[in-house]
Amino acid sequence: MTYILVDKYKKQNASVSLFSFLSTLFEHSITEYDLNTNPDIHLLDSVDKNTIGIEEIKSFQLEMRYKPFQEKFQVGIIMDAEKLTIQSQNALLKLLEESGEDSIYILYVDNEKNLLPTIRSRGRVTYLQSESVSSEIPEFEISDMDIAQRFELANEYCQTKDSAISLINSLDEYFRTKLELEIKNGNIESSRSITKSLQILDESRKKISANCNRRLVLEDLVLRI
């Protein structure tokens, strides 16, 4: 079994939602202490790295080769799964396909679209709810921005890969909310335009994940949507 836990606020929320999910899964309380002491919880965490590569997936696979020791099953958790490269995701796919019933994998990610469709098709997507957390950037109507303002927005968020993905995900959420409203109101032409913007966002997300030039990708993005 594979769970894709989507928590767009996970950085601010200090994984509280994750521990709640794990407690439900194990049917007893799970805390941060258990992540380091429970022999049946295996953690792949890349706090100090920008990407998770194939070698880390191979090491993770070695940890998961044994049977559960004290729990009914063992759990392998990949923190910041959005950092998985395309190559490491393909390697992970093989691991997921070959896992037994006593192994559960959890991909903790800020947006499921940062994972390959083949990975998403193998997992049960679950959206975690975070309490009292505000959005990373304020809501805005980007169509009201002039070219200078759009470039300023792109340059502000191109500094790191995480900030670039954060902007894309926030825009994605904004346009999806707008799309639902337009569909509800029967505005077909507007819905088509928004759908095109969502496709552009998805393309840009893939480019950023593939380590393309962040500034150029975001500048192209804000001019096209």
# chains A, B, ... in the order shown; residues from 1 in each chain; ligands from 1

$ select_by_dssp --residues "chain A" --states "strand (DSSP E or B)" --output "list of chain:residue names"
A:Thr2, A:Tyr3, A:Ile4, A:Leu5, A:Val6, A:Ile41, A:His42, A:Leu43, A:Leu44, A:Ile52, A:Gln74, A:Val75, A:Gly76, A:Ile77, A:Ile78, A:Leu84, A:Ser103, A:Ile104, A:Tyr105, A:Ile106, A:Leu107, A:Tyr108, A:Val109, A:Arg124, A:Val125, A:Thr126, A:Tyr127

$ closest_atom_pairs --of "segment 45-143 of chain A" --to "segment 183-201 of chain A" --cutoff "12 Å" --atoms "only C-alpha atoms" --output "CSV"
residue,atom,partner,partner_atom,distance
A:Lys113,CA,A:Leu201,CA,10.4
A:Asn114,CA,A:Leu201,CA,11.4
A:Ile142,CA,A:Ser197,CA,11.4
A:Ser143,CA,A:Ile194,CA,11.4

$ residues_around --residues "Asn111 of chain A" --least-positions-apart "6" --cutoff "12 Å" --atoms "only C-alpha atoms" --output "list in words"
Ile4, Leu5, Val6, Asp7, Lys8, Tyr9, Lys10, Asp80, Ala81, Glu82, Lys83, Arg120, Val125, Thr126, Tyr127, Leu128, Asp162, Ile165, Ser166, Leu167, Ile168, Asn169, Ser170, Asp172, Glu173, Asp202 and Arg205 of chain A

$ closest_residue --among "A:Thr160, A:Gln89, A:Ser46, A:Thr2" --to "Val75 of chain A" --atoms "only C-alpha atoms"
A:Thr2

$ select_by_dssp --residues "segment 3-182 of chain A" --states "helix (DSSP H, G or I)" --output "ChimeraX atom specification"
/A:10-13,16-26,32-37,54-63,81-83,86-98,112-114,117-120,142-144,147-157,161-182

$ atom_distance --atom1 "atom CA of Glu56 of chain A" --atom2 "atom CA of Phe19 of chain A"
23.2 Å

$ closest_residue --among "A:Ser59, A:Asn213, A:Ser17, A:Gln74" --to "Ile41 of chain A" --atoms "only C-alpha atoms"
A:Gln74

$ residues_around --residues "Leu93 of chain A" --least-positions-apart "6" --cutoff "12 Å" --atoms "only C-alpha atoms" --output "tab-separated table (two decimals) with all heavy atoms, in the first residue's frame"
chain	number	residue	atom	x	y	z
A	2	THR	N	0.49	2.21	-0.81
A	2	THR	CA	1.21	3.47	-0.88
A	2	THR	C	0.25	4.63	-0.65
A	2	THR	O	-0.82	4.68	-1.27
A	2	THR	CB	1.88	3.65	-2.26
A	2	THR	OG1	2.79	2.57	-2.49
A	2	THR	CG2	2.65	4.96	-2.31
A	54	ILE	N	18.81	8.68	-6.90
A	54	ILE	CA	18.66	7.22	-7.01
A	54	ILE	C	19.38	6.49	-5.88
A	54	ILE	O	18.86	5.51	-5.34
A	54	ILE	CB	19.18	6.74	-8.38
A	54	ILE	CG1	18.28	7.26	-9.50
A	54	ILE	CG2	19.24	5.21	-8.43
A	54	ILE	CD1	18.73	6.83	-10.89
A	57	ILE	N	17.36	6.32	-2.84
A	57	ILE	CA	16.26	5.36	-2.99
A	57	ILE	C	16.77	3.93	-2.81
A	57	ILE	O	16.11	3.09	-2.18
A	57	ILE	CB	15.58	5.51	-4.37
A	57	ILE	CG1	14.88	6.87	-4.46
A	57	ILE	CG2	14.57	4.40	-4.61
A	57	ILE	CD1	13.78	7.08	-3.44
A	58	LYS	N	17.95	3.64	-3.32
A	58	LYS	CA	18.53	2.30	-3.16
A	58	LYS	C	18.79	2.00	-1.68
A	58	LYS	O	18.53	0.89	-1.21
A	58	LYS	CB	19.83	2.20	-3.95
A	58	LYS	CG	19.64	2.17	-5.47
A	58	LYS	CD	20.97	2.04	-6.19
A	58	LYS	CE	20.77	1.97	-7.70
A	58	LYS	NZ	22.08	1.87	-8.42
A	61	GLN	N	15.57	1.32	-0.02
A	61	GLN	CA	15.10	-0.02	-0.37
A	61	GLN	C	15.73	-1.08	0.52
A	61	GLN	O	15.07	-2.04	0.95
A	61	GLN	CB	15.42	-0.32	-1.84
A	61	GLN	CG	14.93	-1.68	-2.33
A	61	GLN	CD	15.24	-1.89	-3.80
A	61	GLN	OE1	16.08	-1.20	-4.38
A	61	GLN	NE2	14.56	-2.85	-4.40
A	84	LEU	N	12.11	14.42	-5.11
A	84	LEU	CA	12.50	13.24	-5.88
A	84	LEU	C	12.74	13.63	-7.34
A	84	LEU	O	11.89	14.25	-7.97
A	84	LEU	CB	11.41	12.17	-5.82
A	84	LEU	CG	11.24	11.42	-4.49
A	84	LEU	CD1	9.88	10.73	-4.44
A	84	LEU	CD2	12.36	10.41	-4.29
A	86	ILE	N	13.24	12.78	-11.42
A	86	ILE	CA	12.50	11.87	-12.31
A	86	ILE	C	13.13	10.48	-12.27
A	86	ILE	O	12.43	9.46	-12.22
A	86	ILE	CB	12.48	12.42	-13.74
A	86	ILE	CG1	11.65	13.70	-13.80
A	86	ILE	CG2	11.92	11.38	-14.71
A	86	ILE	CD1	11.62	14.36	-15.16
A	87	GLN	N	14.46	10.43	-12.26
A	87	GLN	CA	15.15	9.15	-12.24
A	87	GLN	C	14.89	8.39	-10.93
A	87	GLN	O	14.65	7.18	-10.94
A	87	GLN	CB	16.66	9.36	-12.42
A	87	GLN	CG	17.08	9.88	-13.79
A	87	GLN	CD	16.87	11.37	-13.96
A	87	GLN	OE1	16.50	12.06	-13.01
A	87	GLN	NE2	17.10	11.86	-15.16
A	99	SER	N	6.65	-4.25	-3.48
A	99	SER	CA	6.46	-4.29	-2.02
A	99	SER	C	5.38	-5.30	-1.62
A	99	SER	O	4.41	-5.52	-2.35
A	99	SER	CB	6.08	-2.90	-1.50
A	99	SER	OG	4.84	-2.49	-2.06
A	105	TYR	N	4.13	2.46	2.22
A	105	TYR	CA	4.96	3.60	1.84
A	105	TYR	C	4.14	4.88	1.93
A	105	TYR	O	2.97	4.91	1.53
A	105	TYR	CB	5.52	3.42	0.43
A	105	TYR	CG	6.54	2.32	0.34
A	105	TYR	CD1	6.15	1.01	0.08
A	105	TYR	CD2	7.89	2.58	0.54
A	105	TYR	CE1	7.08	-0.02	0.02
A	105	TYR	CE2	8.83	1.57	0.47
A	105	TYR	CZ	8.42	0.27	0.21
A	105	TYR	OH	9.34	-0.73	0.15
A	107	LEU	N	4.45	8.93	0.88
A	107	LEU	CA	5.15	10.02	0.21
A	107	LEU	C	4.53	11.32	0.69
A	107	LEU	O	3.38	11.62	0.39
A	107	LEU	CB	5.00	9.89	-1.31
A	107	LEU	CG	5.37	8.53	-1.93
A	107	LEU	CD1	5.26	8.59	-3.44
A	107	LEU	CD2	6.74	8.08	-1.50
A	115	LEU	N	4.74	14.74	-8.40
A	115	LEU	CA	5.11	13.34	-8.59
A	115	LEU	C	4.66	12.89	-9.98
A	115	LEU	O	3.67	13.39	-10.52
A	115	LEU	CB	4.44	12.45	-7.53
A	115	LEU	CG	4.76	12.79	-6.07
A	115	LEU	CD1	3.91	11.92	-5.14
A	115	LEU	CD2	6.24	12.59	-5.77
A	116	LEU	N	5.38	11.93	-10.54
A	116	LEU	CA	5.03	11.41	-11.86
A	116	LEU	C	3.65	10.74	-11.82
A	116	LEU	O	3.26	10.16	-10.81
A	116	LEU	CB	6.07	10.39	-12.31
A	116	LEU	CG	7.49	10.90	-12.59
A	116	LEU	CD1	8.41	9.72	-12.90
A	116	LEU	CD2	7.49	11.89	-13.75
A	117	PRO	N	2.92	10.79	-12.94
A	117	PRO	CA	1.61	10.11	-13.00
A	117	PRO	C	1.69	8.63	-12.64
A	117	PRO	O	0.77	8.08	-12.04
A	117	PRO	CB	1.18	10.31	-14.46
A	117	PRO	CG	1.87	11.55	-14.88
A	117	PRO	CD	3.21	11.53	-14.18
A	118	THR	N	2.80	7.98	-13.00
A	118	THR	CA	2.95	6.56	-12.69
A	118	THR	C	3.06	6.32	-11.18
A	118	THR	O	2.59	5.30	-10.67
A	118	THR	CB	4.21	5.99	-13.37
A	118	THR	OG1	5.33	6.86	-13.13
A	118	THR	CG2	4.00	5.87	-14.87
A	119	ILE	N	3.67	7.28	-10.48
A	119	ILE	CA	3.74	7.19	-9.02
A	119	ILE	C	2.37	7.46	-8.41
A	119	ILE	O	1.90	6.73	-7.52
A	119	ILE	CB	4.77	8.20	-8.45
A	119	ILE	CG1	6.19	7.85	-8.90
A	119	ILE	CG2	4.69	8.24	-6.92
A	119	ILE	CD1	6.76	6.61	-8.26
A	120	ARG	N	1.70	8.49	-8.91
A	120	ARG	CA	0.37	8.83	-8.38
A	120	ARG	C	-0.62	7.70	-8.58
A	120	ARG	O	-1.49	7.47	-7.73
A	120	ARG	CB	-0.16	10.12	-9.06
A	120	ARG	CG	0.70	11.34	-8.83
A	120	ARG	CD	-0.09	12.63	-9.04
A	120	ARG	NE	-0.65	12.75	-10.37
A	120	ARG	CZ	-0.07	13.36	-11.39
A	120	ARG	NH1	1.13	13.90	-11.22
A	120	ARG	NH2	-0.66	13.46	-12.55
A	121	SER	N	-0.49	6.99	-9.69
A	121	SER	CA	-1.43	5.90	-9.96
A	121	SER	C	-1.25	4.72	-9.01
A	121	SER	O	-2.16	3.90	-8.86
A	121	SER	CB	-1.26	5.42	-11.41
A	121	SER	OG	0.00	4.78	-11.61
A	122	ARG	N	-0.08	4.65	-8.36
A	122	ARG	CA	0.20	3.55	-7.43
A	122	ARG	C	-0.24	3.87	-6.01
A	122	ARG	O	-0.25	2.99	-5.15
A	122	ARG	CB	1.70	3.25	-7.41
A	122	ARG	CG	2.28	2.73	-8.71
A	122	ARG	CD	1.83	1.33	-9.01
A	122	ARG	NE	2.15	0.41	-7.92
A	122	ARG	CZ	1.80	-0.87	-7.90
A	122	ARG	NH1	1.11	-1.37	-8.90
A	122	ARG	NH2	2.13	-1.64	-6.89
A	123	GLY	N	-0.59	5.14	-5.76
A	123	GLY	CA	-0.87	5.53	-4.38
A	123	GLY	C	-2.27	6.04	-4.15
A	123	GLY	O	-2.99	6.38	-5.09

$ atom_distance --atom1 "atom CA of Phe69 of chain A" --atom2 "atom CA of Asp102 of chain A"
10.8 Å

$ residues_around --residues "Val222 of chain A" --least-positions-apart "2" --cutoff "8 Å" --atoms "only C-alpha atoms" --output "list in words"
Arg150, Phe151, Ala154, Leu218, Glu219, Asp220, Arg224 and Ile225 of chain A

$ atom_distance --atom1 "atom CA of Cys158 of chain A" --atom2 "atom CA of Arg214 of chain A"
5.3 Å

$ decode --residues "segment 84-155 of chain A" --atoms "C-alpha atoms" --output "PDB file, in the first residue's frame"
ATOM      1  CA  LEU A  84      12.499  13.242  -5.884  1.00  0.00           C
ATOM      2  CA  THR A  85      14.151  13.498  -9.304  1.00  0.00           C
ATOM      3  CA  ILE A  86      12.499  11.866 -12.309  1.00  0.00           C
ATOM      4  CA  GLN A  87      15.154   9.147 -12.237  1.00  0.00           C
ATOM      5  CA  SER A  88      14.687   8.443  -8.532  1.00  0.00           C
ATOM      6  CA  GLN A  89      10.906   8.355  -8.972  1.00  0.00           C
ATOM      7  CA  ASN A  90      11.304   5.704 -11.656  1.00  0.00           C
ATOM      8  CA  ALA A  91      13.521   3.721  -9.294  1.00  0.00           C
ATOM      9  CA  LEU A  92      10.961   4.177  -6.519  1.00  0.00           C
ATOM     10  CA  LEU A  93       8.176   2.924  -8.803  1.00  0.00           C
ATOM     11  CA  LYS A  94       9.869  -0.452  -9.062  1.00  0.00           C
ATOM     12  CA  LEU A  95      10.150  -0.608  -5.263  1.00  0.00           C
ATOM     13  CA  LEU A  96       6.453   0.199  -4.831  1.00  0.00           C
ATOM     14  CA  GLU A  97       5.439  -2.435  -7.367  1.00  0.00           C
ATOM     15  CA  GLU A  98       7.469  -5.124  -5.606  1.00  0.00           C
ATOM     16  CA  SER A  99       6.459  -4.292  -2.020  1.00  0.00           C
ATOM     17  CA  GLY A 100       4.612  -6.885   0.067  1.00  0.00           C
ATOM     18  CA  GLU A 101       1.421  -6.519   2.077  1.00  0.00           C
ATOM     19  CA  ASP A 102       3.385  -5.897   5.283  1.00  0.00           C
ATOM     20  CA  SER A 103       5.052  -2.777   3.874  1.00  0.00           C
ATOM     21  CA  ILE A 104       3.397   0.632   3.622  1.00  0.00           C
ATOM     22  CA  TYR A 105       4.961   3.596   1.843  1.00  0.00           C
ATOM     23  CA  ILE A 106       4.121   7.223   2.557  1.00  0.00           C
ATOM     24  CA  LEU A 107       5.148  10.015   0.208  1.00  0.00           C
ATOM     25  CA  TYR A 108       4.800  13.287   2.098  1.00  0.00           C
ATOM     26  CA  VAL A 109       4.471  16.017  -0.516  1.00  0.00           C
ATOM     27  CA  ASP A 110       3.231  19.587  -0.875  1.00  0.00           C
ATOM     28  CA  ASN A 111       1.425  18.869  -4.150  1.00  0.00           C
ATOM     29  CA  GLU A 112       0.742  15.491  -5.743  1.00  0.00           C
ATOM     30  CA  LYS A 113       1.453  16.943  -9.188  1.00  0.00           C
ATOM     31  CA  ASN A 114       5.115  17.138  -8.227  1.00  0.00           C
ATOM     32  CA  LEU A 115       5.108  13.338  -8.593  1.00  0.00           C
ATOM     33  CA  LEU A 116       5.025  11.411 -11.856  1.00  0.00           C
ATOM     34  CA  PRO A 117       1.607  10.111 -12.998  1.00  0.00           C
ATOM     35  CA  THR A 118       2.953   6.561 -12.685  1.00  0.00           C
ATOM     36  CA  ILE A 119       3.739   7.194  -9.022  1.00  0.00           C
ATOM     37  CA  ARG A 120       0.371   8.833  -8.385  1.00  0.00           C
ATOM     38  CA  SER A 121      -1.431   5.898  -9.963  1.00  0.00           C
ATOM     39  CA  ARG A 122       0.201   3.554  -7.434  1.00  0.00           C
ATOM     40  CA  GLY A 123      -0.865   5.532  -4.379  1.00  0.00           C
ATOM     41  CA  ARG A 124      -3.926   6.625  -2.475  1.00  0.00           C
ATOM     42  CA  VAL A 125      -3.906  10.419  -2.468  1.00  0.00           C
ATOM     43  CA  THR A 126      -4.899  11.855   0.913  1.00  0.00           C
ATOM     44  CA  TYR A 127      -5.152  15.569   1.610  1.00  0.00           C
ATOM     45  CA  LEU A 128      -4.092  16.496   5.121  1.00  0.00           C
ATOM     46  CA  GLN A 129      -5.842  19.348   6.880  1.00  0.00           C
ATOM     47  CA  SER A 130      -3.687  21.853   8.721  1.00  0.00           C
ATOM     48  CA  GLU A 131      -5.094  24.082  11.415  1.00  0.00           C
ATOM     49  CA  SER A 132      -4.550  27.843  11.746  1.00  0.00           C
ATOM     50  CA  VAL A 133      -2.080  28.119   8.901  1.00  0.00           C
ATOM     51  CA  SER A 134      -2.164  30.939   6.391  1.00  0.00           C
ATOM     52  CA  SER A 135      -1.297  30.743   2.713  1.00  0.00           C
ATOM     53  CA  GLU A 136       2.341  31.265   1.713  1.00  0.00           C
ATOM     54  CA  ILE A 137       1.409  34.138  -0.603  1.00  0.00           C
ATOM     55  CA  PRO A 138      -1.691  36.312  -0.631  1.00  0.00           C
ATOM     56  CA  GLU A 139      -4.463  35.781  -3.167  1.00  0.00           C
ATOM     57  CA  PHE A 140      -4.175  38.099  -6.141  1.00  0.00           C
ATOM     58  CA  GLU A 141      -5.634  38.652  -9.579  1.00  0.00           C
ATOM     59  CA  ILE A 142      -2.587  38.186 -11.790  1.00  0.00           C
ATOM     60  CA  SER A 143      -4.517  39.344 -14.858  1.00  0.00           C
ATOM     61  CA  ASP A 144      -4.558  42.837 -13.298  1.00  0.00           C
ATOM     62  CA  MET A 145      -0.754  42.974 -13.120  1.00  0.00           C
ATOM     63  CA  ASP A 146       1.251  44.822 -15.763  1.00  0.00           C
ATOM     64  CA  ILE A 147       4.390  43.301 -17.292  1.00  0.00           C
ATOM     65  CA  ALA A 148       6.719  44.938 -14.760  1.00  0.00           C
ATOM     66  CA  GLN A 149       4.695  43.584 -11.830  1.00  0.00           C
ATOM     67  CA  ARG A 150       4.650  40.105 -13.349  1.00  0.00           C
ATOM     68  CA  PHE A 151       8.420  40.083 -13.810  1.00  0.00           C
ATOM     69  CA  GLU A 152       8.840  41.349 -10.260  1.00  0.00           C
ATOM     70  CA  LEU A 153       6.732  38.434  -9.019  1.00  0.00           C
ATOM     71  CA  ALA A 154       8.777  35.951 -11.040  1.00  0.00           C
ATOM     72  CA  ASN A 155      12.093  37.346  -9.806  1.00  0.00           C
TER      73      ASN A 155
END
